[in-house]
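What's in input00.txt: compact mmCIF, C-alpha atoms
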# COMPACT_ATOMS: atom_id res chain seq x y z
CA MET A 1 10.20 22.72 -3.29
CA TYR A 2 8.97 19.24 -4.10
CA ASP A 3 5.81 19.09 -2.02
CA LEU A 4 3.33 18.27 -4.80
CA ILE A 5 3.75 16.36 -8.05
CA GLU A 6 1.83 16.84 -11.30
CA GLU A 7 -1.71 15.50 -11.55
CA ARG A 8 -2.37 12.24 -13.38
CA GLU A 9 -5.31 9.99 -14.16
CA PHE A 10 -6.06 7.23 -11.67
CA PHE A 11 -9.10 4.98 -12.07
CA GLY A 12 -11.33 7.76 -13.37
CA LYS A 13 -10.10 10.33 -10.84
CA LYS A 14 -7.04 12.53 -10.42
CA ILE A 15 -4.12 12.04 -8.06
CA GLY A 16 -1.21 14.34 -7.41
CA GLY A 17 -1.36 18.09 -7.18
CA ARG A 18 -3.86 19.21 -4.58
CA ASN A 19 -6.15 16.22 -5.03
CA PRO A 20 -7.04 14.19 -1.93
CA PHE A 21 -5.20 11.00 -1.10
CA PHE A 22 -6.43 7.61 -2.28
CA LEU A 23 -6.52 4.59 0.03
CA ILE A 24 -5.15 1.06 -0.39
CA SER A 25 -6.67 -1.08 2.35
CA GLY A 26 -7.79 -4.56 3.30
CA PRO A 27 -6.74 -7.52 5.45
CA CYS A 28 -3.07 -8.44 5.22
CA VAL A 29 -3.65 -11.98 3.96
CA MET A 30 -6.70 -13.73 2.49
CA GLU A 31 -7.96 -15.71 5.46
CA ASN A 32 -11.40 -16.55 4.04
CA LYS A 33 -14.06 -15.18 1.69
CA ASP A 34 -16.29 -13.82 4.47
CA LEU A 35 -13.46 -11.71 5.90
CA LEU A 36 -12.67 -10.17 2.51
CA ASP A 37 -16.35 -9.51 1.87
CA ARG A 38 -16.87 -7.80 5.22
CA VAL A 39 -13.73 -5.67 5.11
CA CYS A 40 -14.21 -4.52 1.52
CA GLY A 41 -17.89 -3.76 2.08
CA GLU A 42 -17.22 -1.63 5.14
CA MET A 43 -14.13 0.11 3.77
CA LYS A 44 -15.81 0.94 0.46
CA ALA A 45 -18.78 2.42 2.31
CA ILE A 46 -16.45 4.54 4.43
CA CYS A 47 -14.47 5.76 1.42
CA ASP A 48 -17.60 6.46 -0.63
CA ASP A 49 -18.94 8.53 2.26
CA LEU A 50 -15.68 10.48 2.56
CA GLY A 51 -15.03 10.82 -1.17
CA ILE A 52 -11.80 8.79 -1.10
CA VAL A 53 -10.73 6.60 -4.03
CA TYR A 54 -10.53 3.08 -2.60
CA ILE A 55 -8.37 0.15 -3.72
CA PHE A 56 -8.90 -3.23 -2.06
CA LYS A 57 -5.75 -5.06 -0.95
CA SER A 58 -5.12 -8.57 0.28
CA SER A 59 -2.36 -11.12 -0.34
CA PHE A 60 -2.92 -14.61 -1.74
CA ASP A 61 0.53 -15.64 -0.55
CA LYS A 62 2.79 -14.13 2.11
CA ALA A 63 6.04 -15.60 0.86
CA ASN A 64 8.21 -13.64 3.29
CA ARG A 65 6.88 -14.94 6.61
CA SER A 66 9.42 -15.17 9.43
CA SER A 67 8.55 -18.82 10.08
CA ILE A 68 8.01 -21.60 7.55
CA ASN A 69 5.07 -22.70 9.72
CA SER A 70 3.20 -19.38 9.56
CA TYR A 71 -0.01 -19.12 7.51
CA ARG A 72 0.74 -17.84 4.02
CA GLY A 73 -2.63 -17.64 2.30
CA PRO A 74 -4.84 -19.68 -0.05
CA GLY A 75 -2.46 -19.67 -3.00
CA LEU A 76 -2.59 -18.09 -6.43
CA GLU A 77 -5.59 -19.80 -8.03
CA GLU A 78 -7.92 -19.48 -5.05
CA GLY A 79 -6.61 -15.97 -4.45
CA ARG A 80 -7.44 -14.96 -8.02
CA LYS A 81 -11.01 -16.23 -7.55
CA LEU A 82 -11.39 -14.26 -4.34
CA LEU A 83 -10.10 -11.08 -5.97
CA ASP A 84 -12.52 -11.61 -8.88
CA PHE A 85 -15.36 -11.97 -6.37
CA ILE A 86 -14.47 -8.73 -4.58
CA LYS A 87 -13.87 -6.81 -7.80
CA ASN A 88 -17.17 -7.88 -9.36
CA LYS A 89 -19.30 -7.45 -6.23
CA TYR A 90 -17.99 -4.04 -5.17
CA ASN A 91 -16.68 -2.61 -8.46
CA VAL A 92 -13.38 -1.59 -6.90
CA PRO A 93 -9.80 -1.85 -8.17
CA VAL A 94 -7.88 -4.68 -6.52
CA LEU A 95 -4.23 -4.99 -5.53
CA THR A 96 -2.17 -7.97 -4.46
CA ASP A 97 1.49 -8.88 -3.92
CA ILE A 98 3.49 -10.88 -6.41
CA HIS A 99 6.80 -12.59 -5.66
CA GLU A 100 7.74 -14.29 -8.92
CA THR A 101 7.42 -13.42 -12.61
CA ILE A 102 5.34 -16.56 -13.25
CA GLN A 103 2.56 -15.10 -11.07
CA VAL A 104 1.97 -12.12 -13.35
CA ASP A 105 0.20 -13.68 -16.36
CA PRO A 106 -2.40 -15.66 -14.35
CA LEU A 107 -3.37 -12.47 -12.51
CA LYS A 108 -3.17 -9.81 -15.21
CA ASP A 109 -6.86 -10.02 -16.17
CA THR A 110 -7.95 -9.61 -12.55
CA VAL A 111 -5.45 -7.40 -10.75
CA ASP A 112 -5.52 -3.61 -11.28
CA ILE A 113 -2.34 -2.87 -9.32
CA PHE A 114 0.56 -5.27 -8.95
CA GLN A 115 2.45 -4.79 -5.70
CA ILE A 116 6.14 -5.61 -5.38
CA PRO A 117 7.09 -6.43 -1.76
CA ALA A 118 9.79 -4.37 -0.08
CA PHE A 119 12.36 -7.16 0.00
CA LEU A 120 11.95 -7.50 -3.80
CA SER A 121 12.09 -3.79 -4.64
CA ARG A 122 15.31 -4.23 -6.64
CA GLN A 123 14.15 -7.29 -8.61
CA THR A 124 14.31 -5.96 -12.16
CA ASP A 125 12.63 -8.89 -13.91
CA LEU A 126 9.67 -8.86 -11.52
CA ILE A 127 9.14 -5.10 -11.81
CA ALA A 128 9.50 -5.16 -15.59
CA LYS A 129 7.11 -8.11 -16.04
CA ALA A 130 4.44 -6.37 -13.96
CA ALA A 131 4.91 -3.07 -15.81
CA GLU A 132 4.63 -4.75 -19.22
CA THR A 133 1.00 -5.66 -18.44
CA GLY A 134 0.03 -1.98 -18.58
CA LYS A 135 -1.33 -2.16 -15.04
CA TRP A 136 -0.25 0.11 -12.20
CA VAL A 137 2.80 -1.11 -10.29
CA ASN A 138 3.20 -0.25 -6.62
CA VAL A 139 6.71 -0.96 -5.37
CA LYS A 140 7.20 -1.07 -1.61
CA LYS A 141 10.44 0.78 -0.87
CA GLY A 142 12.89 -1.64 0.70
CA GLN A 143 13.76 -1.00 4.33
CA PHE A 144 17.36 -0.84 3.11
CA MET A 145 16.74 1.61 0.26
CA ALA A 146 17.56 5.33 0.30
CA PRO A 147 14.73 7.60 -0.91
CA ASP A 148 16.73 8.91 -3.88
CA ASP A 149 17.35 5.36 -5.09
CA THR A 150 13.66 4.95 -5.86
CA ARG A 151 14.32 6.86 -9.06
CA HIS A 152 15.74 3.61 -10.45
CA ILE A 153 12.38 1.93 -9.84
CA LYS A 154 10.65 4.63 -11.86
CA THR A 155 13.17 4.22 -14.67
CA LYS A 156 12.75 0.45 -14.81
CA ILE A 157 8.98 0.81 -15.15
CA GLN A 158 9.27 3.54 -17.78
CA GLU A 159 11.79 1.50 -19.78
CA SER A 160 9.28 -1.37 -19.66
CA GLY A 161 6.79 0.84 -21.49
CA SER A 162 4.63 2.15 -18.64
CA GLU A 163 4.03 5.41 -16.81
CA LYS A 164 1.86 3.75 -14.14
CA TYR A 165 4.22 3.66 -11.18
CA MET A 166 4.07 4.48 -7.49
CA VAL A 167 6.33 3.84 -4.53
CA THR A 168 5.22 3.02 -1.01
CA GLU A 169 7.17 4.23 2.01
CA ARG A 170 7.06 1.66 4.83
CA GLY A 171 9.87 2.65 7.15
CA ALA A 172 13.64 2.15 7.10
CA SER A 173 15.75 -0.23 9.14
CA PHE A 174 17.08 1.46 12.27
CA GLY A 175 19.45 -0.97 13.89
CA TYR A 176 18.13 -4.46 14.57
CA GLY A 177 14.43 -5.12 15.08
CA ASN A 178 13.27 -1.55 14.57
CA LEU A 179 11.93 0.66 11.77
CA VAL A 180 11.76 4.42 11.58
CA PHE A 181 9.69 6.63 9.27
CA ASP A 182 11.77 9.55 8.01
CA LEU A 183 9.50 12.37 6.84
CA ARG A 184 12.27 13.76 4.64
CA GLY A 185 11.92 10.77 2.34
CA ILE A 186 8.59 11.96 0.91
CA PRO A 187 9.87 15.22 -0.67
CA MET A 188 13.09 13.44 -1.64
CA MET A 189 11.06 10.96 -3.71
CA HIS A 190 8.68 13.64 -4.94
CA LYS A 191 11.54 15.48 -6.63
CA HIS A 192 11.69 12.53 -9.05
CA GLY A 193 7.98 12.96 -9.85
CA ILE A 194 7.00 9.69 -8.17
CA PRO A 195 3.53 9.31 -6.59
CA ILE A 196 4.11 8.27 -2.98
CA VAL A 197 1.96 6.06 -0.79
CA PHE A 198 2.56 5.88 2.95
CA ASP A 199 2.05 2.52 4.64
CA GLY A 200 1.22 3.30 8.25
CA THR A 201 0.70 -0.28 9.35
CA HIS A 202 3.96 -1.82 8.13
CA SER A 203 5.92 1.22 9.32
CA ALA A 204 4.76 0.32 12.84
CA GLN A 205 6.39 -3.12 12.67
CA LEU A 206 9.25 -4.35 14.82
CA PRO A 207 10.85 -7.00 12.60
CA GLY A 208 11.59 -10.21 14.44
CA ALA A 209 10.67 -8.67 17.79
CA ALA A 210 8.20 -11.42 18.70
CA GLY A 211 10.57 -14.32 18.21
CA ASN A 212 9.52 -16.23 15.09
CA ILE A 213 6.98 -13.56 14.07
CA THR A 214 7.13 -9.81 13.50
CA GLY A 215 6.04 -7.57 16.35
CA GLY A 216 4.74 -4.04 16.19
CA LEU A 217 3.45 -0.90 17.87
CA ARG A 218 -0.07 -0.38 16.55
CA GLU A 219 -0.67 2.63 18.82
CA PHE A 220 1.70 4.78 16.74
CA ILE A 221 -0.04 4.19 13.39
CA PRO A 222 -2.23 7.33 13.60
CA HIS A 223 0.75 9.51 14.53
CA MET A 224 2.82 8.36 11.57
CA MET A 225 -0.10 8.61 9.15
CA ARG A 226 -0.79 12.18 10.23
CA GLY A 227 2.89 12.94 9.70
CA ALA A 228 2.85 11.49 6.19
CA VAL A 229 -0.27 13.46 5.25
CA SER A 230 1.35 16.65 6.53
CA VAL A 231 4.00 16.42 3.80
CA GLY A 232 1.58 15.72 0.97
CA VAL A 233 1.42 12.04 0.03
CA GLU A 234 -0.72 10.89 -2.90
CA GLY A 235 -1.95 7.74 -1.22
CA LEU A 236 -2.25 5.90 2.08
CA PHE A 237 -1.90 2.19 2.76
CA MET A 238 -3.55 0.67 5.81
CA GLU A 239 -4.15 -2.99 6.55
CA VAL A 240 -7.37 -3.42 8.53
CA HIS A 241 -9.02 -6.33 10.31
CA PRO A 242 -12.18 -6.62 12.45
CA ASP A 243 -10.21 -8.42 15.18
CA PRO A 244 -6.50 -7.68 14.65
CA GLU A 245 -5.26 -9.77 17.57
CA LYS A 246 -6.72 -12.87 15.90
CA ALA A 247 -5.41 -12.05 12.41
CA LEU A 248 -3.34 -14.79 10.77
CA SER A 249 -0.70 -12.27 9.66
CA ASP A 250 0.56 -8.97 11.08
CA ALA A 251 -1.63 -9.30 14.17
CA THR A 252 0.30 -6.57 15.99
CA THR A 253 -0.01 -3.91 13.30
CA GLN A 254 -3.28 -4.34 11.43
CA PHE A 255 -5.61 -1.45 12.29
CA PRO A 256 -9.01 -2.16 13.85
CA LEU A 257 -11.73 -1.95 11.21
CA ALA A 258 -14.08 -0.24 13.66
CA LYS A 259 -11.66 2.67 14.10
CA ALA A 260 -10.83 3.20 10.42
CA LYS A 261 -13.50 5.80 9.62
CA ASN A 262 -12.57 8.09 12.50
CA LEU A 263 -8.89 8.03 11.56
CA LEU A 264 -9.56 8.55 7.85
CA THR A 265 -11.87 11.48 8.63
CA GLN A 266 -9.06 13.16 10.60
CA LEU A 267 -6.52 12.45 7.89
CA LEU A 268 -8.75 13.82 5.14
CA GLU A 269 -9.26 17.06 7.03
CA LEU A 270 -5.51 17.44 7.51
CA ASP A 271 -4.86 16.53 3.87
CA ARG A 272 -7.19 19.29 2.66
CA LEU A 273 -5.57 21.82 4.98
CA VAL A 274 -1.95 21.17 4.08
CA LYS A 275 -2.52 20.80 0.33
CA THR A 276 -4.55 24.03 0.26
CA LYS A 277 -2.50 26.25 2.54
CA PHE A 278 1.00 24.98 3.18
CA LEU A 279 2.39 22.86 0.36
CA GLU A 280 3.90 24.15 -2.86
CA ALA A 281 3.68 22.71 -6.37
Could you write out this structure as structure tokens?
Amino acid sequence: MYDLIEEREFFGKKIGGRNPFFLISGPCVMENKDLLDRVCGEMKAICDDLGIVYIFKSSFDKANRSSINSYRGPGLEEGRKLLDFIKNKYNVPVLTDIHETIQVDPLKDTVDIFQIPAFLSRQTDLIAKAAETGKWVNVKKGQFMAPDDTRHIKTKIQESGSEKYMVTERGASFGYGNLVFDLRGIPMMHKHGIPIVFDGTHSAQLPGAAGNITGGLREFIPHMMRGAVSVGVEGLFMEVHPDPEKALSDATTQFPLAKAKNLLTQLLELDRLVKTKFLEA
């Protein structure tokens, strides 16, 4: 069985084994300082109350938008300042996407986890450059990538001198304009000793379904997240927004901030149950 992986240190806590999941969460893209402040403040309070390790996430640049006219974010320099503000005010680890190797050095003194977008999950130079900083690297599993092939991601990071790696499951392409979350992928990746994060919000996407933007089915996010927890993931990823319909990115799949605590409370209860009674090390 490959239900649980070995414990490891993670920002002063333990992940893996029977430890509870950690949470990566925040608004998809940096719209403005007030939004980041509100979301981080509320999510940190929720996670502190529930005893969940919290990592703040937001993107300074969404370089993979469907349309060239879509909002991408404030850019690297302003994004770095906003991440510094959040990190210093709330004393939380911060995560952001990178798309090019030249973005790593300007961010390495701020960012605690570098995230490699799914479409770039095979980009060796980008993964290696991020790993060489000694920071955690979270690689989003490409929608085209088989679970067993994530072992190559782990190897690239290890051969770059780091053991701080994780892979995020975010659904696999199922024909055109549809994604499916295959529960089997979690134990398949666990057998390689990789900490797995499940991204419930991006797994609910319908790529290209809204014309020049990505559509989605937000109502199925809780179902998929409960499924992922039932097979023993180490972390969860959930983009949240106080008014998702007005979000400047992923408006159909960001989860309402007001509903986050209730969902996380359910997920934590399920996580404790399955890791205590049903899953094997």
Can you work out which one of A:Phe198, A:Phe60, A:Phe114, A:Tyr176 has the shortest atom-to-atom distance to A:Thr101, counting all atoms listed in the file?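 Using all atoms listed in the file, the shortest distance to A:Thr101 belongs to A:Phe114.
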Counting all atoms listed in the file, which of A:Val139, A:Val92, A:Ile68, A:Leu50 gets nearest to A:Gly12?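 Residue with the minimum atom-to-atom distance to A:Gly12: A:Val92.
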Any idea what the distance is between atom CA of A:Leu257 and atom CA of A:Val53? 17.5 Å
Compile the contact shell of A:Thr110 as a list in words: residues with an atom at most 10 Å away, counting all atoms listed in the file, same-chain residues fewer than 5 positions apart removed. Arg80, Lys81, Leu83, Asp84, Phe85, Lys87, Asn88, Pro93, Val94, Leu95 and Asp105 of chain A
Atoms to include: C-alpha atoms. Write the selected residues as a short mmCIF file (atom, residue, chain, number, x, y, z; two decimals), in the frame of the given file.
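Everything below was put into part_27.cif:
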data_model
loop_
_atom_site.label_atom_id
_atom_site.label_comp_id
_atom_site.auth_asym_id
_atom_site.auth_seq_id
_atom_site.Cartn_x
_atom_site.Cartn_y
_atom_site.Cartn_z
CA ARG A 80 -7.44 -14.96 -8.02
CA LYS A 81 -11.01 -16.23 -7.55
CA LEU A 83 -10.10 -11.08 -5.97
CA ASP A 84 -12.52 -11.61 -8.88
CA PHE A 85 -15.36 -11.97 -6.37
CA LYS A 87 -13.87 -6.81 -7.80
CA ASN A 88 -17.17 -7.88 -9.36
CA PRO A 93 -9.80 -1.85 -8.17
CA VAL A 94 -7.88 -4.68 -6.52
CA LEU A 95 -4.23 -4.99 -5.53
CA ASP A 105 0.20 -13.68 -16.36
#
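We find atom CA of A:Arg151 and atom CA of A:Val167 to be spaced 9.7 Å apart.
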For stretch 192-196 of chain A, work out the shell of residues within 8 Å, counting only C-alpha atoms and skipping chain neighbours fewer than 3 positions away, then give it as a list in words. Ile5, Glu6, Gly16, Arg151, Lys154, Tyr165, Met166, Val167, Thr168, Glu169, Ile186, Met188, Met189, Val233, Glu234 and Gly235 of chain A
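Here the question is which of A:Leu263, A:Cys40, A:Ala118, A:Val29 gets nearest to A:Phe144 using all atoms listed in the file, and that residue is A:Ala118.
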Please reconstruct the missing atoms of stretch 221-247 of chain A (target: N, CA, C and O atoms) and return them as a PDB file, keeping the file's coordinate frame.
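What ended up in out.pdb:
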ATOM      1  N   ILE A 221       0.415   4.077  14.782  1.00  0.00           N
ATOM      2  CA  ILE A 221      -0.040   4.190  13.390  1.00  0.00           C
ATOM      3  C   ILE A 221      -0.673   5.544  13.103  1.00  0.00           C
ATOM      4  O   ILE A 221      -0.315   6.206  12.110  1.00  0.00           O
ATOM      5  N   PRO A 222      -1.625   6.019  13.915  1.00  0.00           N
ATOM      6  CA  PRO A 222      -2.230   7.330  13.600  1.00  0.00           C
ATOM      7  C   PRO A 222      -1.221   8.463  13.582  1.00  0.00           C
ATOM      8  O   PRO A 222      -1.316   9.366  12.741  1.00  0.00           O
ATOM      9  N   HIS A 223      -0.242   8.435  14.487  1.00  0.00           N
ATOM     10  CA  HIS A 223       0.750   9.510  14.530  1.00  0.00           C
ATOM     11  C   HIS A 223       1.560   9.562  13.228  1.00  0.00           C
ATOM     12  O   HIS A 223       1.769  10.630  12.645  1.00  0.00           O
ATOM     13  N   MET A 224       2.009   8.398  12.785  1.00  0.00           N
ATOM     14  CA  MET A 224       2.820   8.360  11.570  1.00  0.00           C
ATOM     15  C   MET A 224       1.996   8.715  10.339  1.00  0.00           C
ATOM     16  O   MET A 224       2.486   9.404   9.429  1.00  0.00           O
ATOM     17  N   MET A 225       0.737   8.299  10.297  1.00  0.00           N
ATOM     18  CA  MET A 225      -0.100   8.610   9.150  1.00  0.00           C
ATOM     19  C   MET A 225      -0.391  10.105   9.081  1.00  0.00           C
ATOM     20  O   MET A 225      -0.401  10.701   7.997  1.00  0.00           O
ATOM     21  N   ARG A 226      -0.599  10.725  10.232  1.00  0.00           N
ATOM     22  CA  ARG A 226      -0.790  12.180  10.230  1.00  0.00           C
ATOM     23  C   ARG A 226       0.491  12.877   9.757  1.00  0.00           C
ATOM     24  O   ARG A 226       0.431  13.875   9.029  1.00  0.00           O
ATOM     25  N   GLY A 227       1.639  12.361  10.161  1.00  0.00           N
ATOM     26  CA  GLY A 227       2.890  12.940   9.700  1.00  0.00           C
ATOM     27  C   GLY A 227       3.049  12.853   8.192  1.00  0.00           C
ATOM     28  O   GLY A 227       3.450  13.817   7.533  1.00  0.00           O
ATOM     29  N   ALA A 228       2.722  11.681   7.634  1.00  0.00           N
ATOM     30  CA  ALA A 228       2.850  11.490   6.190  1.00  0.00           C
ATOM     31  C   ALA A 228       1.913  12.432   5.425  1.00  0.00           C
ATOM     32  O   ALA A 228       2.297  13.034   4.412  1.00  0.00           O
ATOM     33  N   VAL A 229       0.693  12.568   5.908  1.00  0.00           N
ATOM     34  CA  VAL A 229      -0.270  13.460   5.250  1.00  0.00           C
ATOM     35  C   VAL A 229       0.211  14.897   5.313  1.00  0.00           C
ATOM     36  O   VAL A 229       0.003  15.679   4.378  1.00  0.00           O
ATOM     37  N   SER A 230       0.900  15.263   6.376  1.00  0.00           N
ATOM     38  CA  SER A 230       1.350  16.650   6.530  1.00  0.00           C
ATOM     39  C   SER A 230       2.387  17.059   5.500  1.00  0.00           C
ATOM     40  O   SER A 230       2.630  18.253   5.301  1.00  0.00           O
ATOM     41  N   VAL A 231       3.030  16.068   4.843  1.00  0.00           N
ATOM     42  CA  VAL A 231       4.000  16.420   3.800  1.00  0.00           C
ATOM     43  C   VAL A 231       3.486  16.075   2.409  1.00  0.00           C
ATOM     44  O   VAL A 231       4.245  16.099   1.439  1.00  0.00           O
ATOM     45  N   GLY A 232       2.203  15.752   2.281  1.00  0.00           N
ATOM     46  CA  GLY A 232       1.580  15.720   0.970  1.00  0.00           C
ATOM     47  C   GLY A 232       1.680  14.435   0.172  1.00  0.00           C
ATOM     48  O   GLY A 232       1.998  14.476  -1.021  1.00  0.00           O
ATOM     49  N   VAL A 233       1.403  13.289   0.787  1.00  0.00           N
ATOM     50  CA  VAL A 233       1.420  12.040   0.030  1.00  0.00           C
ATOM     51  C   VAL A 233       0.211  11.927  -0.895  1.00  0.00           C
ATOM     52  O   VAL A 233      -0.831  12.530  -0.661  1.00  0.00           O
ATOM     53  N   GLU A 234       0.383  11.123  -1.951  1.00  0.00           N
ATOM     54  CA  GLU A 234      -0.720  10.890  -2.900  1.00  0.00           C
ATOM     55  C   GLU A 234      -1.659   9.786  -2.428  1.00  0.00           C
ATOM     56  O   GLU A 234      -2.833   9.772  -2.786  1.00  0.00           O
ATOM     57  N   GLY A 235      -1.126   8.853  -1.658  1.00  0.00           N
ATOM     58  CA  GLY A 235      -1.950   7.740  -1.220  1.00  0.00           C
ATOM     59  C   GLY A 235      -1.582   7.269   0.174  1.00  0.00           C
ATOM     60  O   GLY A 235      -0.481   7.539   0.678  1.00  0.00           O
ATOM     61  N   LEU A 236      -2.495   6.541   0.800  1.00  0.00           N
ATOM     62  CA  LEU A 236      -2.250   5.900   2.080  1.00  0.00           C
ATOM     63  C   LEU A 236      -2.511   4.409   1.963  1.00  0.00           C
ATOM     64  O   LEU A 236      -3.366   3.978   1.177  1.00  0.00           O
ATOM     65  N   PHE A 237      -1.785   3.639   2.738  1.00  0.00           N
ATOM     66  CA  PHE A 237      -1.900   2.190   2.760  1.00  0.00           C
ATOM     67  C   PHE A 237      -2.135   1.795   4.212  1.00  0.00           C
ATOM     68  O   PHE A 237      -1.365   2.162   5.100  1.00  0.00           O
ATOM     69  N   MET A 238      -3.220   1.023   4.431  1.00  0.00           N
ATOM     70  CA  MET A 238      -3.550   0.670   5.810  1.00  0.00           C
ATOM     71  C   MET A 238      -4.208  -0.709   5.811  1.00  0.00           C
ATOM     72  O   MET A 238      -5.291  -0.895   5.258  1.00  0.00           O
ATOM     73  N   GLU A 239      -3.537  -1.678   6.405  1.00  0.00           N
ATOM     74  CA  GLU A 239      -4.150  -2.990   6.550  1.00  0.00           C
ATOM     75  C   GLU A 239      -5.121  -2.958   7.729  1.00  0.00           C
ATOM     76  O   GLU A 239      -4.782  -2.455   8.806  1.00  0.00           O
ATOM     77  N   VAL A 240      -6.328  -3.472   7.500  1.00  0.00           N
ATOM     78  CA  VAL A 240      -7.370  -3.420   8.530  1.00  0.00           C
ATOM     79  C   VAL A 240      -7.943  -4.818   8.746  1.00  0.00           C
ATOM     80  O   VAL A 240      -7.930  -5.665   7.843  1.00  0.00           O
ATOM     81  N   HIS A 241      -8.470  -5.027   9.939  1.00  0.00           N
ATOM     82  CA  HIS A 241      -9.020  -6.330  10.310  1.00  0.00           C
ATOM     83  C   HIS A 241     -10.058  -6.094  11.405  1.00  0.00           C
ATOM     84  O   HIS A 241      -9.854  -5.248  12.280  1.00  0.00           O
ATOM     85  N   PRO A 242     -11.174  -6.819  11.393  1.00  0.00           N
ATOM     86  CA  PRO A 242     -12.180  -6.620  12.450  1.00  0.00           C
ATOM     87  C   PRO A 242     -11.704  -7.047  13.828  1.00  0.00           C
ATOM     88  O   PRO A 242     -12.207  -6.548  14.833  1.00  0.00           O
ATOM     89  N   ASP A 243     -10.745  -7.946  13.893  1.00  0.00           N
ATOM     90  CA  ASP A 243     -10.210  -8.420  15.180  1.00  0.00           C
ATOM     91  C   ASP A 243      -8.704  -8.644  15.010  1.00  0.00           C
ATOM     92  O   ASP A 243      -8.245  -9.780  14.877  1.00  0.00           O
ATOM     93  N   PRO A 244      -7.914  -7.572  14.998  1.00  0.00           N
ATOM     94  CA  PRO A 244      -6.500  -7.680  14.650  1.00  0.00           C
ATOM     95  C   PRO A 244      -5.723  -8.718  15.455  1.00  0.00           C
ATOM     96  O   PRO A 244      -4.850  -9.398  14.908  1.00  0.00           O
ATOM     97  N   GLU A 245      -6.022  -8.836  16.731  1.00  0.00           N
ATOM     98  CA  GLU A 245      -5.260  -9.770  17.570  1.00  0.00           C
ATOM     99  C   GLU A 245      -5.412 -11.218  17.108  1.00  0.00           C
ATOM    100  O   GLU A 245      -4.555 -12.054  17.403  1.00  0.00           O
ATOM    101  N   LYS A 246      -6.492 -11.506  16.383  1.00  0.00           N
ATOM    102  CA  LYS A 246      -6.720 -12.870  15.900  1.00  0.00           C
ATOM    103  C   LYS A 246      -6.350 -13.029  14.421  1.00  0.00           C
ATOM    104  O   LYS A 246      -6.566 -14.092  13.845  1.00  0.00           O
ATOM    105  N   ALA A 247      -5.800 -11.986  13.826  1.00  0.00           N
ATOM    106  CA  ALA A 247      -5.410 -12.050  12.410  1.00  0.00           C
ATOM    107  C   ALA A 247      -4.312 -13.090  12.218  1.00  0.00           C
ATOM    108  O   ALA A 247      -3.465 -13.298  13.092  1.00  0.00           O
TER     109      ALA A 247
END
